[in-house]
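File shown here: start25.txt, holding compact mmCIF, C-alpha atoms and all ligand atoms.
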```txt
# COMPACT_ATOMS: atom_id res chain seq x y z
CA MET A 1 146.79 17.30 74.37
CA PHE A 2 144.55 19.51 76.41
CA PHE A 3 145.96 20.42 79.81
CA ASP A 4 143.43 21.36 82.43
CA LYS A 5 145.40 20.59 85.57
CA ALA A 6 148.79 21.68 86.84
CA ARG A 7 150.84 21.92 89.99
CA ILE A 8 153.26 24.82 90.29
CA PHE A 9 155.54 26.53 92.79
CA VAL A 10 155.35 30.26 93.45
CA LYS A 11 157.61 32.47 95.53
CA GLY A 12 157.30 36.18 96.22
CA GLY A 13 160.55 38.17 96.08
CA ASP A 14 162.51 38.61 99.29
CA GLY A 15 162.67 42.05 100.79
CA GLY A 16 165.93 43.98 100.40
CA ASN A 17 168.17 44.19 103.45
CA GLY A 18 168.21 47.27 105.66
CA CYS A 19 171.50 49.13 105.77
CA VAL A 20 173.82 49.98 108.65
CA ALA A 21 175.45 53.36 108.09
CA MET A 22 176.52 56.30 110.23
CA ARG A 23 176.33 59.94 109.40
CA ARG A 24 179.79 61.39 108.90
CA GLU A 25 179.82 65.10 108.19
CA LYS A 26 182.36 67.77 108.75
CA TYR A 27 180.51 69.95 111.22
CA VAL A 28 178.28 67.29 112.79
CA PRO A 29 180.47 65.79 115.47
CA GLU A 30 178.24 62.92 116.49
CA GLY A 31 176.51 61.60 113.39
CA GLY A 32 173.50 59.37 114.01
CA PRO A 33 172.45 56.20 112.23
CA TRP A 34 171.85 56.77 108.56
CA GLY A 35 171.09 53.42 106.96
CA GLY A 36 168.07 53.20 104.69
CA ASP A 37 165.44 50.46 104.47
CA GLY A 38 165.45 47.69 101.91
CA GLY A 39 162.81 47.65 99.18
CA ARG A 40 159.82 45.31 99.05
CA GLY A 41 160.09 42.06 97.09
CA GLY A 42 157.69 41.60 94.15
CA ASP A 43 154.36 39.80 94.58
CA ILE A 44 153.30 36.94 92.34
CA VAL A 45 150.03 38.07 90.77
CA PHE A 46 147.74 35.78 88.78
CA GLN A 47 145.58 37.40 86.15
CA ALA A 48 142.69 35.83 84.23
CA ASP A 49 143.03 36.20 80.47
CA GLU A 50 140.23 35.22 78.11
CA GLY A 51 142.76 34.71 75.32
CA LEU A 52 144.09 31.57 77.02
CA ARG A 53 142.32 28.23 76.82
CA THR A 54 144.52 25.65 78.52
CA LEU A 55 147.05 25.28 81.32
CA VAL A 56 149.65 23.86 78.95
CA ASP A 57 152.21 26.60 79.71
CA PHE A 58 152.36 25.40 83.31
CA ARG A 59 153.33 21.96 82.13
CA TYR A 60 156.66 23.29 80.94
CA LYS A 61 157.35 26.01 83.45
CA ARG A 62 156.52 25.09 87.00
CA HIS A 63 158.52 27.57 89.08
CA TYR A 64 157.63 31.24 89.34
CA LYS A 65 159.76 33.59 91.41
CA ALA A 66 159.44 37.34 91.76
CA GLN A 67 162.49 39.60 92.04
CA ARG A 68 163.84 40.66 95.41
CA GLY A 69 163.82 44.26 96.65
CA LYS A 70 167.03 46.29 96.42
CA HIS A 71 169.04 46.70 99.61
CA GLY A 72 168.90 49.95 101.53
CA GLU A 73 171.90 52.29 101.32
CA GLY A 74 173.71 54.93 103.32
CA LYS A 75 172.40 58.50 103.64
CA ASN A 76 168.98 57.00 104.42
CA ARG A 77 168.47 55.92 100.85
CA TYR A 78 165.68 53.35 100.39
CA GLY A 79 166.19 50.30 98.25
CA LEU A 80 163.84 50.14 95.27
CA SER A 81 160.91 47.77 95.51
CA ALA A 82 160.78 45.01 92.92
CA ASP A 83 158.06 44.82 90.26
CA ASP A 84 155.31 42.25 90.72
CA LEU A 85 155.45 39.19 88.51
CA VAL A 86 152.15 38.93 86.62
CA VAL A 87 151.28 35.44 85.41
CA ARG A 88 148.36 34.99 82.98
CA LEU A 89 145.92 32.10 83.29
CA PRO A 90 142.76 31.15 81.42
CA VAL A 91 139.44 32.42 82.73
CA GLY A 92 137.88 29.59 84.72
CA THR A 93 141.03 28.54 86.59
CA VAL A 94 140.48 27.43 90.17
CA ILE A 95 143.56 27.98 92.36
CA ARG A 96 144.18 26.02 95.52
CA ASP A 97 146.96 25.66 98.05
CA ASP A 98 148.33 22.25 97.13
CA ASP A 99 149.21 21.29 100.71
CA THR A 100 146.00 22.26 102.47
CA GLY A 101 143.51 22.17 99.61
CA GLU A 102 142.40 25.65 100.67
CA LEU A 103 140.70 27.62 97.89
CA ILE A 104 142.74 30.70 97.07
CA SER A 105 140.77 32.02 94.15
CA ASP A 106 138.43 31.19 91.36
CA LEU A 107 139.26 33.37 88.37
CA VAL A 108 135.92 33.87 86.69
CA ARG A 109 136.25 37.34 85.11
CA ASN A 110 138.62 38.44 82.37
CA GLY A 111 141.29 40.64 83.93
CA GLN A 112 140.58 39.48 87.49
CA GLN A 113 143.75 39.48 89.61
CA VAL A 114 144.80 37.72 92.76
CA VAL A 115 148.05 37.80 94.74
CA VAL A 116 149.12 34.21 95.32
CA ALA A 117 152.48 34.87 97.02
CA ARG A 118 153.39 38.13 98.70
CA GLY A 119 156.82 39.61 98.42
CA GLY A 120 158.66 40.19 101.70
CA ARG A 121 158.91 43.67 103.15
CA GLY A 122 162.25 45.40 103.15
CA GLY A 123 164.40 45.14 106.27
CA ARG A 124 164.60 48.33 108.29
CA GLY A 125 167.87 50.24 108.26
CA ASN A 126 169.67 51.16 111.43
CA ALA A 127 168.05 54.61 111.50
CA HIS A 128 164.97 52.83 112.91
CA PHE A 129 166.71 51.32 115.89
CA ALA A 130 168.05 54.41 117.63
CA THR A 131 166.88 54.69 121.24
CA PRO A 132 167.84 57.13 124.01
CA ASN A 133 170.23 54.43 125.31
CA ASN A 134 171.63 53.48 121.96
CA LYS A 135 172.01 56.51 119.77
CA ALA A 136 174.21 54.77 117.24
CA PRO A 137 172.77 51.28 116.70
CA LYS A 138 174.84 49.08 114.42
CA LEU A 139 172.08 46.68 113.49
CA ALA A 140 169.65 46.51 110.65
CA GLU A 141 167.03 43.95 109.64
CA LYS A 142 167.50 41.67 106.71
CA GLY A 143 164.71 41.61 104.18
CA GLU A 144 161.65 39.48 104.95
CA PRO A 145 161.59 36.31 102.84
CA GLY A 146 158.84 36.25 100.21
CA GLU A 147 155.92 33.89 100.70
CA GLU A 148 156.25 30.59 98.93
CA ARG A 149 153.93 27.67 98.28
CA TRP A 150 152.83 24.96 95.91
CA LEU A 151 149.57 25.60 94.11
CA SER A 152 147.25 23.31 92.28
CA LEU A 153 145.53 24.78 89.24
CA GLU A 154 142.41 23.36 87.72
CA LEU A 155 140.66 24.74 84.69
CA LYS A 156 136.89 24.62 84.52
CA LEU A 157 135.79 26.22 81.29
CA LEU A 158 133.12 28.85 81.58
CA ALA A 159 130.25 28.36 79.20
CA ASP A 160 126.51 29.08 79.39
CA VAL A 161 125.41 25.82 77.83
CA GLY A 162 126.95 22.36 77.86
CA LEU A 163 126.40 19.58 75.33
CA VAL A 164 126.09 16.12 76.84
CA GLY A 165 125.24 12.77 75.32
CA PHE A 166 126.60 9.49 74.05
CA PRO A 167 129.56 9.39 71.66
CA ASN A 168 128.47 9.81 68.03
CA ALA A 169 125.20 11.53 69.01
CA GLY A 170 126.23 14.55 66.95
CA LYS A 171 127.33 17.05 69.60
CA SER A 172 130.34 18.30 67.63
CA THR A 173 128.29 18.46 64.44
CA LEU A 174 125.78 20.66 66.28
CA ILE A 175 128.34 23.12 67.68
CA SER A 176 130.01 23.37 64.26
CA GLN A 177 126.66 24.33 62.71
CA VAL A 178 125.72 27.05 65.17
CA SER A 179 129.11 28.60 65.94
CA ALA A 180 132.49 29.18 64.37
CA ALA A 181 133.96 26.23 66.31
CA LYS A 182 135.57 23.65 64.01
CA PRO A 183 135.81 20.44 66.02
CA LYS A 184 136.67 17.11 64.48
CA ILE A 185 133.58 15.16 63.43
CA ALA A 186 133.65 11.48 62.55
CA ASN A 187 131.61 8.36 62.61
CA TYR A 188 133.38 6.67 65.49
CA PRO A 189 133.02 7.09 69.26
CA PHE A 190 135.27 9.49 71.18
CA THR A 191 136.12 11.66 68.23
CA THR A 192 136.14 14.57 70.63
CA VAL A 193 138.90 14.18 73.20
CA THR A 194 139.23 17.78 74.34
CA PRO A 195 136.48 20.29 75.08
CA ASN A 196 135.56 22.89 72.44
CA LEU A 197 133.97 26.23 73.06
CA GLY A 198 131.79 28.04 70.54
CA VAL A 199 130.11 31.44 70.67
CA ILE A 200 126.57 31.44 69.34
CA ARG A 201 125.24 34.75 68.06
CA VAL A 202 121.48 35.08 67.78
CA ASP A 203 120.13 37.48 65.09
CA ASP A 204 118.71 39.84 67.69
CA GLY A 205 122.16 40.55 69.16
CA ARG A 206 122.07 38.10 72.04
CA SER A 207 124.92 35.63 72.32
CA PHE A 208 125.99 32.74 74.50
CA VAL A 209 128.86 30.29 74.87
CA MET A 210 128.46 26.57 74.25
CA ALA A 211 130.83 23.82 75.41
CA ASP A 212 131.19 20.55 73.49
CA ILE A 213 132.76 17.78 75.57
CA PRO A 214 133.68 14.15 74.88
CA GLY A 215 130.78 11.70 74.85
CA LEU A 216 129.73 9.76 77.96
CA ILE A 217 128.95 6.08 78.17
CA GLU A 218 127.55 3.86 80.88
CA GLY A 219 130.06 3.60 83.71
CA ALA A 220 131.74 6.91 82.85
CA HIS A 221 131.61 7.90 86.53
CA ALA A 222 133.80 4.85 87.20
CA GLY A 223 136.19 5.70 84.37
CA ALA A 224 134.62 3.87 81.40
CA GLY A 225 135.38 5.45 78.02
CA LEU A 226 137.02 8.81 78.58
CA GLY A 227 135.37 8.83 81.99
CA HIS A 228 133.71 11.82 83.57
CA GLU A 229 136.94 13.86 83.67
CA PHE A 230 135.55 16.37 81.23
CA LEU A 231 132.25 16.87 83.00
CA ARG A 232 134.11 19.39 85.07
CA HIS A 233 133.84 21.66 82.05
CA VAL A 234 130.06 21.64 82.09
CA GLU A 235 129.92 22.02 85.88
CA ARG A 236 129.51 25.73 85.56
CA THR A 237 127.09 25.85 82.69
CA ARG A 238 123.58 27.04 83.40
CA LEU A 239 121.79 24.74 80.99
CA LEU A 240 122.53 21.38 79.41
CA ILE A 241 121.58 20.37 75.88
CA HIS A 242 121.16 16.63 75.95
CA VAL A 243 121.88 15.36 72.44
CA LEU A 244 120.37 12.03 71.38
CA ASP A 245 120.90 9.92 68.27
CA THR A 246 117.19 9.60 67.49
CA ALA A 247 117.88 7.22 64.62
CA GLY A 248 119.34 4.79 67.14
CA SER A 249 122.34 4.01 64.93
CA GLU A 250 124.32 0.89 65.83
CA GLY A 251 121.38 -0.60 67.66
CA ARG A 252 121.17 2.14 70.29
CA ASP A 253 117.89 3.20 71.82
CA PRO A 254 117.60 6.99 72.44
CA VAL A 255 114.97 6.52 75.17
CA GLU A 256 117.42 4.32 77.07
CA ASP A 257 120.44 6.54 76.27
CA PHE A 258 118.76 9.53 77.88
CA LYS A 259 118.35 7.63 81.15
CA VAL A 260 121.87 6.23 81.13
CA THR A 261 123.54 9.59 80.52
CA ASN A 262 121.46 11.28 83.22
CA ARG A 263 122.39 8.59 85.68
CA GLU A 264 126.08 9.19 84.91
CA LEU A 265 125.62 12.93 85.45
CA ILE A 266 124.05 12.37 88.86
CA LEU A 267 126.73 9.89 89.86
CA TYR A 268 129.39 12.40 88.91
CA ASN A 269 127.79 15.33 90.68
CA PRO A 270 124.13 15.69 91.71
CA VAL A 271 124.39 19.43 91.07
CA ILE A 272 125.04 18.78 87.37
CA GLY A 273 122.41 16.07 87.36
CA SER A 274 119.82 18.60 88.43
CA ARG A 275 120.74 21.35 85.93
CA PRO A 276 117.90 22.32 83.61
CA GLN A 277 118.04 20.34 80.36
CA VAL A 278 116.50 20.47 76.93
CA ILE A 279 116.47 17.41 74.72
CA VAL A 280 117.82 17.60 71.21
CA ALA A 281 116.48 14.73 69.08
CA ASN A 282 119.21 14.65 66.45
CA LYS A 283 119.57 12.82 63.13
CA MET A 284 115.93 13.39 62.18
CA ASP A 285 116.98 13.13 58.53
CA LEU A 286 117.37 9.37 58.94
CA PRO A 287 114.26 7.19 58.40
CA GLU A 288 114.49 5.33 61.74
CA ALA A 289 114.19 8.60 63.66
CA ALA A 290 110.46 9.32 63.28
CA GLU A 291 109.26 6.39 65.34
CA ASN A 292 111.82 6.98 68.08
CA LEU A 293 110.81 10.63 68.28
CA THR A 294 107.26 9.57 69.12
CA ARG A 295 108.59 7.29 71.85
CA LEU A 296 110.80 10.06 73.21
CA LYS A 297 107.85 12.43 73.37
CA GLU A 298 105.79 9.85 75.21
CA ALA A 299 108.53 9.12 77.70
CA TYR A 300 109.89 12.64 78.38
CA GLY A 301 107.61 15.12 76.62
CA ASN A 302 105.88 16.18 79.83
CA ASP A 303 109.08 16.99 81.70
CA TYR A 304 111.38 18.29 78.97
CA GLU A 305 111.23 20.38 75.84
CA ILE A 306 112.22 18.26 72.87
CA PHE A 307 113.74 19.78 69.72
CA PRO A 308 113.81 17.52 66.65
CA ILE A 309 116.77 18.60 64.51
CA SER A 310 119.24 17.40 61.98
CA ALA A 311 122.66 18.75 62.84
CA ALA A 312 123.88 17.39 59.52
CA THR A 313 121.38 19.24 57.32
CA GLY A 314 120.81 22.17 59.65
CA SER A 315 117.06 21.71 59.95
CA GLY A 316 115.38 22.67 63.22
CA LEU A 317 118.34 24.66 64.54
CA ASP A 318 116.71 28.10 64.70
CA PRO A 319 113.92 27.21 67.14
CA LEU A 320 116.50 25.47 69.35
CA ILE A 321 118.87 28.45 69.44
CA TYR A 322 116.10 30.99 70.11
CA LYS A 323 114.68 28.89 72.92
CA VAL A 324 118.09 28.38 74.54
CA ALA A 325 118.80 32.13 74.37
CA ALA A 326 115.41 32.80 75.99
CA LEU A 327 115.92 30.23 78.74
CA LEU A 328 119.36 31.65 79.55
CA GLU A 329 117.87 35.06 80.16
CA ASP A 330 115.92 33.68 83.09
CA LEU A 331 118.64 31.47 84.52
CA PRO A 332 120.89 32.96 87.21
CA ASP A 333 124.50 33.86 86.41
CA ILE A 334 127.18 31.27 86.77
CA THR A 335 128.30 31.04 90.33
CA PRO A 336 130.99 28.61 91.35
CA PRO A 337 129.65 25.67 93.36
CA GLU A 338 129.08 26.62 96.96
CA GLU A 339 131.80 24.52 98.48
CA GLU A 340 134.26 26.49 96.41
CA THR A 341 133.47 29.94 97.65
CA ALA A 342 136.09 31.27 99.98
CA ASP A 343 133.63 31.76 102.86
CA HIS A 344 133.46 28.05 103.33
CA VAL A 345 137.17 27.59 103.73
CA VAL A 346 138.12 26.67 107.25
CA HIS A 347 141.21 28.55 108.32
CA ARG A 348 143.02 26.65 110.97
CA ALA A 349 143.93 28.85 113.89
CA GLU A 350 147.66 28.37 114.23
CA PRO A 351 149.35 28.86 117.60
CA ARG A 352 151.87 31.69 117.54
CA PHE A 353 154.80 29.33 118.01
CA SER A 354 155.52 25.79 119.16
CA VAL A 355 158.22 24.30 121.36
CA SER A 356 159.08 20.63 121.27
CA ARG A 357 161.98 18.40 122.22
CA GLU A 358 163.64 15.86 120.01
CA GLU A 359 166.73 13.88 121.04
CA GLY A 360 167.82 16.53 123.51
CA ILE A 361 167.38 19.40 121.05
CA PHE A 362 164.71 22.02 121.62
CA LEU A 363 162.79 22.78 118.45
CA VAL A 364 160.97 26.07 118.06
CA GLY A 365 158.46 26.32 115.20
CA GLY A 366 156.05 28.90 113.84
CA LYS A 367 155.94 31.29 110.92
CA GLU A 368 156.42 34.45 112.96
CA ILE A 369 159.58 33.46 114.79
CA LYS A 370 161.05 31.90 111.66
CA ARG A 371 160.52 35.20 109.91
CA HIS A 372 162.28 37.07 112.72
CA VAL A 373 165.25 34.72 112.48
CA ALA A 374 165.39 35.08 108.71
CA MET A 375 165.43 38.86 109.08
CA THR A 376 168.26 38.87 111.61
CA ASP A 377 171.87 39.28 110.60
CA LEU A 378 173.23 36.53 112.82
CA GLU A 379 176.82 37.78 112.47
CA ASN A 380 175.86 41.01 114.13
CA ASP A 381 175.87 40.98 117.97
CA GLU A 382 173.41 43.81 118.30
CA ALA A 383 171.00 42.13 115.90
CA VAL A 384 171.24 38.86 117.83
CA GLU A 385 170.62 40.72 121.08
CA ARG A 386 167.46 42.13 119.56
CA LEU A 387 166.40 38.63 118.50
CA GLN A 388 166.79 37.48 122.10
CA TRP A 389 164.54 40.31 123.17
CA ILE A 390 161.93 39.15 120.61
CA PHE A 391 162.18 35.65 122.11
CA LYS A 392 161.34 37.07 125.52
CA ARG A 393 158.55 39.27 124.25
CA MET A 394 156.85 36.44 122.37
CA GLY A 395 157.03 34.20 125.43
CA ILE A 396 159.34 31.67 123.79
CA ASP A 397 161.87 32.03 126.58
CA ASP A 398 159.30 31.06 129.19
CA ALA A 399 158.04 28.18 127.08
CA LEU A 400 161.59 26.82 126.72
CA LYS A 401 162.14 27.04 130.47
CA GLU A 402 158.87 25.24 131.04
CA ALA A 403 160.03 22.53 128.67
CA GLY A 404 163.07 22.10 130.93
CA ILE A 405 165.83 23.85 128.99
CA LYS A 406 169.19 24.37 130.69
CA GLU A 407 172.19 26.55 129.97
CA GLY A 408 174.20 25.02 127.11
CA ASP A 409 171.29 23.08 125.51
CA THR A 410 170.76 23.39 121.77
CA VAL A 411 167.82 25.31 120.33
CA LYS A 412 166.86 24.91 116.68
CA ILE A 413 164.60 27.15 114.58
CA GLY A 414 164.40 26.07 110.97
CA ASP A 415 168.03 25.76 109.85
CA PHE A 416 169.34 28.01 112.58
CA GLU A 417 170.90 26.42 115.69
CA PHE A 418 172.26 28.09 118.78
CA GLU A 419 173.30 27.35 122.31
CA TYR A 420 170.92 28.48 125.00
CA VAL A 421 172.22 31.04 127.52
CA GLU A 422 170.17 32.25 130.47
N1 LIG B 501 122.61 11.47 59.31
C1 LIG B 501 123.07 12.26 60.25
N2 LIG B 501 124.31 12.07 60.73
C2 LIG B 501 124.76 12.90 61.68
C3 LIG B 501 123.97 13.96 62.19
N3 LIG B 501 124.71 14.60 63.14
C4 LIG B 501 125.89 13.98 63.21
N4 LIG B 501 125.95 12.95 62.34
C5 LIG B 501 127.07 12.01 62.13
O1 LIG B 501 127.29 11.28 63.31
C6 LIG B 501 128.69 11.03 63.49
C7 LIG B 501 129.14 11.53 64.82
O2 LIG B 501 129.03 12.93 64.87
P1 LIG B 501 129.86 13.82 65.89
O3 LIG B 501 129.35 15.22 65.79
O4 LIG B 501 131.31 13.59 65.74
O5 LIG B 501 129.35 13.17 67.24
P2 LIG B 501 129.80 13.54 68.75
O6 LIG B 501 128.56 13.47 69.59
O7 LIG B 501 130.54 14.80 68.77
O8 LIG B 501 130.71 12.29 69.08
P3 LIG B 501 131.94 12.19 70.13
O9 LIG B 501 132.82 13.34 69.92
O10 LIG B 501 132.60 10.91 69.80
O11 LIG B 501 131.33 12.16 71.49
C8 LIG B 501 129.38 11.70 62.33
O12 LIG B 501 129.62 10.77 61.33
C9 LIG B 501 128.36 12.74 61.87
O13 LIG B 501 128.50 13.05 60.49
C10 LIG B 501 122.67 14.15 61.66
O14 LIG B 501 121.91 15.05 62.02
N5 LIG B 501 122.28 13.26 60.69
MG MG B 502 132.41 15.18 69.29
```
Let me see whether you can do it: turn the structure in this file into structure tokens.
Amino acid sequence: MFFDKARIFVKGGDGGNGCVAMRREKYVPEGGPWGGDGGRGGDIVFQADEGLRTLVDFRYKRHYKAQRGKHGEGKNRYGLSADDLVVRLPVGTVIRDDDTGELISDLVRNGQQVVVARGGRGGRGNAHFATPNNKAPKLAEKGEPGEERWLSLELKLLADVGLVGFPNAGKSTLISQVSAAKPKIANYPFTTVTPNLGVIRVDDGRSFVMADIPGLIEGAHAGAGLGHEFLRHVERTRLLIHVLDTAGSEGRDPVEDFKVTNRELILYNPVIGSRPQVIVANKMDLPEAAENLTRLKEAYGNDYEIFPISAATGSGLDPLIYKVAALLEDLPDITPPEEETADHVVHRAEPRFSVSREEGIFLVGGKEIKRHVAMTDLENDEAVERLQWIFKRMGIDDALKEAGIKEGDTVKIGDFEFEYVE
């Protein structure tokens, strides 16, 4: 099987905890705070790798977690930061946030990297919290939790040219003649069930990549045959080679086939439907082909270049390959479809926090305050006092009062519950 979709979970490493320590030295009577900071948690980094062709690895391993940072230590020693976790994916993988659908990245270049989940920063040690009023603070921050989210991955192969046409038209035979690709070829429809890529090298040093996909039949856009699933892999090609069975084997009519396939392309995606095309009139070695070629020329000769070939015998291939190489030189580079460029992503402006009431409990939500709670050592009075100060500073205190909170009511933030005191 060919896996071109996956859903996976990623989590950056948590930051290491800050340390509470006091300086104790012989001749320094009043040692100050001396606890070091925790180290940063590792990021999850995705890297495009041209050696990979499918997302099959993500079928078996769905959870990716980076290491946490080391905790800070006494004598102001920092905890070590964790290494990033680098995960390799095939070039052409589109990465989205699975919950929001937001585009995170489109890996189109070999070696391209993107951070998909940041590691948390290390908690600060108590050395940071000394003030003129509190020269020996006994609190430190816990490490910040690493970012986590579900991602959807979708592979869209990157090729310059895509082969489209009915099953049995000879697409796989063609790619096997002009490149080193060795797809299965047989005289029955839907021989090809997974896309194949082939590199075509022209004598003069130019080269381009061709994608062979499963054949399309009428109604493919609605799921007939193998459906249009695989058209995704020609979405980013610059030119389509439309392969026709000119001999009209099995009672087919190539003039009609050309129309039907183009209609399916447009129904799938008008952008693909309007890609430049050349027509390959295949199977010219068969006697029925000559007459159909004349009809094809009459019907489409004004609008398209038509290349009579025999993929089976290899005749007519050179003019086709030279022309395709020449056309590609003038066609713009592959750019992902516009709706997939990050500029078009709408980022929802999130309020800083939210306060709501449910069955007498006051719920406080929001990333920022949840992070503060996660970074607080709730067993430590001084740390909790500081958290209360953060509540005031962020305006959560006022919002709770506005919502009608009274002494003794319960406040809940994530998993953390406490009793409200004025
Ligand atoms: N006579 C003749 N037969 C051909 C030619 N090209 C392909 N064939 C035959 O046509 C049949 C189908 O060829 P494939 O290359 O598998 O066709 P395809 O378009 O890849 O088909 P799907 O993968 O099913 O979409 C095979 O039996 C080939 O040997 C040709 O130029 N002449
Ligand atoms: Mg095939």
Within 10 Å of ligand MG 502 (chain B), counting only C-alpha atoms and all ligand atoms: which residues, as a compact mmCIF listing (two decimals) with C-alpha atoms, in the frame of the given file?
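Heads up, here's the output in result_13.txt:
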```txt
# COMPACT_ATOMS: atom_id res chain seq x y z
CA LEU A 163 126.40 19.58 75.33
CA VAL A 164 126.09 16.12 76.84
CA GLY A 165 125.24 12.77 75.32
CA PHE A 166 126.60 9.49 74.05
CA PRO A 167 129.56 9.39 71.66
CA ASN A 168 128.47 9.81 68.03
CA ALA A 169 125.20 11.53 69.01
CA GLY A 170 126.23 14.55 66.95
CA LYS A 171 127.33 17.05 69.60
CA SER A 172 130.34 18.30 67.63
CA THR A 173 128.29 18.46 64.44
CA LEU A 174 125.78 20.66 66.28
CA ILE A 175 128.34 23.12 67.68
CA SER A 176 130.01 23.37 64.26
CA PRO A 183 135.81 20.44 66.02
CA LYS A 184 136.67 17.11 64.48
CA ILE A 185 133.58 15.16 63.43
CA ALA A 186 133.65 11.48 62.55
CA ASN A 187 131.61 8.36 62.61
CA TYR A 188 133.38 6.67 65.49
CA PRO A 189 133.02 7.09 69.26
CA PHE A 190 135.27 9.49 71.18
CA THR A 191 136.12 11.66 68.23
CA THR A 192 136.14 14.57 70.63
CA VAL A 193 138.90 14.18 73.20
CA THR A 194 139.23 17.78 74.34
CA PRO A 195 136.48 20.29 75.08
CA ASN A 196 135.56 22.89 72.44
CA ASP A 212 131.19 20.55 73.49
CA ILE A 213 132.76 17.78 75.57
CA PRO A 214 133.68 14.15 74.88
CA GLY A 215 130.78 11.70 74.85
```
At most 9 Å from (133.3, 10.6, 80.1), file frame, all atoms listed in the file: which residues, as a VMD selection string?
chain A and resid 213 to 221 223 to 231 264
Spatial neighbours of Val116 of chain A, 9 Å, all atoms listed in the file, chain gap at least 4 places, as an MDAnalysis selection string:
chainID A and resid 10:12 43:46 95 104:105 147:149 151
Residue among A:Glu141, A:Glu422, A:Asp333, A:Asp37 lying closest to Val108 of chain A, counting all atoms listed in the file:
A:Asp333
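Distance check against ligand LIG 501 (chain B) using all atoms listed in the file: of A:His242, A:Arg96, A:Arg23, A:Arg393, the minimum falls on A:His242.
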Rank A:Leu157, A:Met22, A:Leu85, A:Leu107 by their smallest atom-to-atom distance to Ala48 of chain A, using only C-alpha atoms, and report the top residue only.
A:Leu107
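Residues in contact with Leu80 of chain A at up to 12 Å, not including ones fewer than 6 positions away on its chain and judged by all atoms listed in the file, are Gly15, Gly16, Asn17, Gly18, Gly36, Asp37, Gly38, Gly39, Arg40, Gly41, Gly42, Gln67, Arg68, Gly69, Lys70, His71, Gly72, Glu73, Arg121 and Gly122 of chain A.
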Rounded to one decimal in Å, what is the spacing between atom CA of Glu256 of chain A and atom CA of Arg295 of chain A?
10.7 Å
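Take the candidates A:Pro319, A:Gly366, A:Gly248, A:Gly273 and check each one against ligand LIG 501 (chain B) using only C-alpha atoms and all ligand atoms; the shortest distance goes to A:Gly248.
Shortest separation to ligand LIG 501 (chain B) among A:Glu250, A:Asp83, A:Asp98, A:Glu25 occurs at residue A:Glu250, atoms counted being only C-alpha atoms and all ligand atoms.
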Would you mind telling me which residue in A:Leu327, A:Tyr420, A:Leu153, A:Ile413 lies nearest to Glu102 of chain A when using all atoms listed in the file?
A:Leu153
Set the distance at 7 Å and use all atoms listed in the file: which residues neighbour segment 375-385 of chain A once local chain neighbours fewer than 6 positions away are removed? I'd like the list as number ranges by chain.
A: 123, 138-144
Only C-alpha atoms, please: the residues just picked out, written as a PDB file, in the frame of the given file.
```
ATOM      1  CA  GLY A 123     164.400  45.140 106.270  1.00  0.00           C
ATOM      2  CA  LYS A 138     174.840  49.080 114.420  1.00  0.00           C
ATOM      3  CA  LEU A 139     172.080  46.680 113.490  1.00  0.00           C
ATOM      4  CA  ALA A 140     169.650  46.510 110.650  1.00  0.00           C
ATOM      5  CA  GLU A 141     167.030  43.950 109.640  1.00  0.00           C
ATOM      6  CA  LYS A 142     167.500  41.670 106.710  1.00  0.00           C
ATOM      7  CA  GLY A 143     164.710  41.610 104.180  1.00  0.00           C
ATOM      8  CA  GLU A 144     161.650  39.480 104.950  1.00  0.00           C
TER       9      GLU A 144
END
```
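Atom N3 of ligand LIG 501 (chain B) sits 23.4 Å away from atom CA of Asp203 of chain A.
Relative to atom CA of Lys406 of chain A, atom CA of Phe362 of chain A is found at 10.4 Å.
The list of residues with at least one atom within 10 Å of Arg88 of chain A, based on all atoms listed in the file and without residues fewer than 3 positions apart in the same chain, reads Val45, Phe46, Gln47, Ala48, Asp49, Glu50, Gly51, Leu52, Leu55, Asp57, Leu85, Val91, Gly111 and Gln113 of chain A.
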Can you list, as an NGL selection string, every protein, DNA or RNA residue that comes within 12 Å of segment 58-60 of chain A when you count all atoms listed in the file, leaving out same-chain residues fewer than 4 positions away?
:A and (1-10 or 54 or 64 or 87-90 or 151-155)
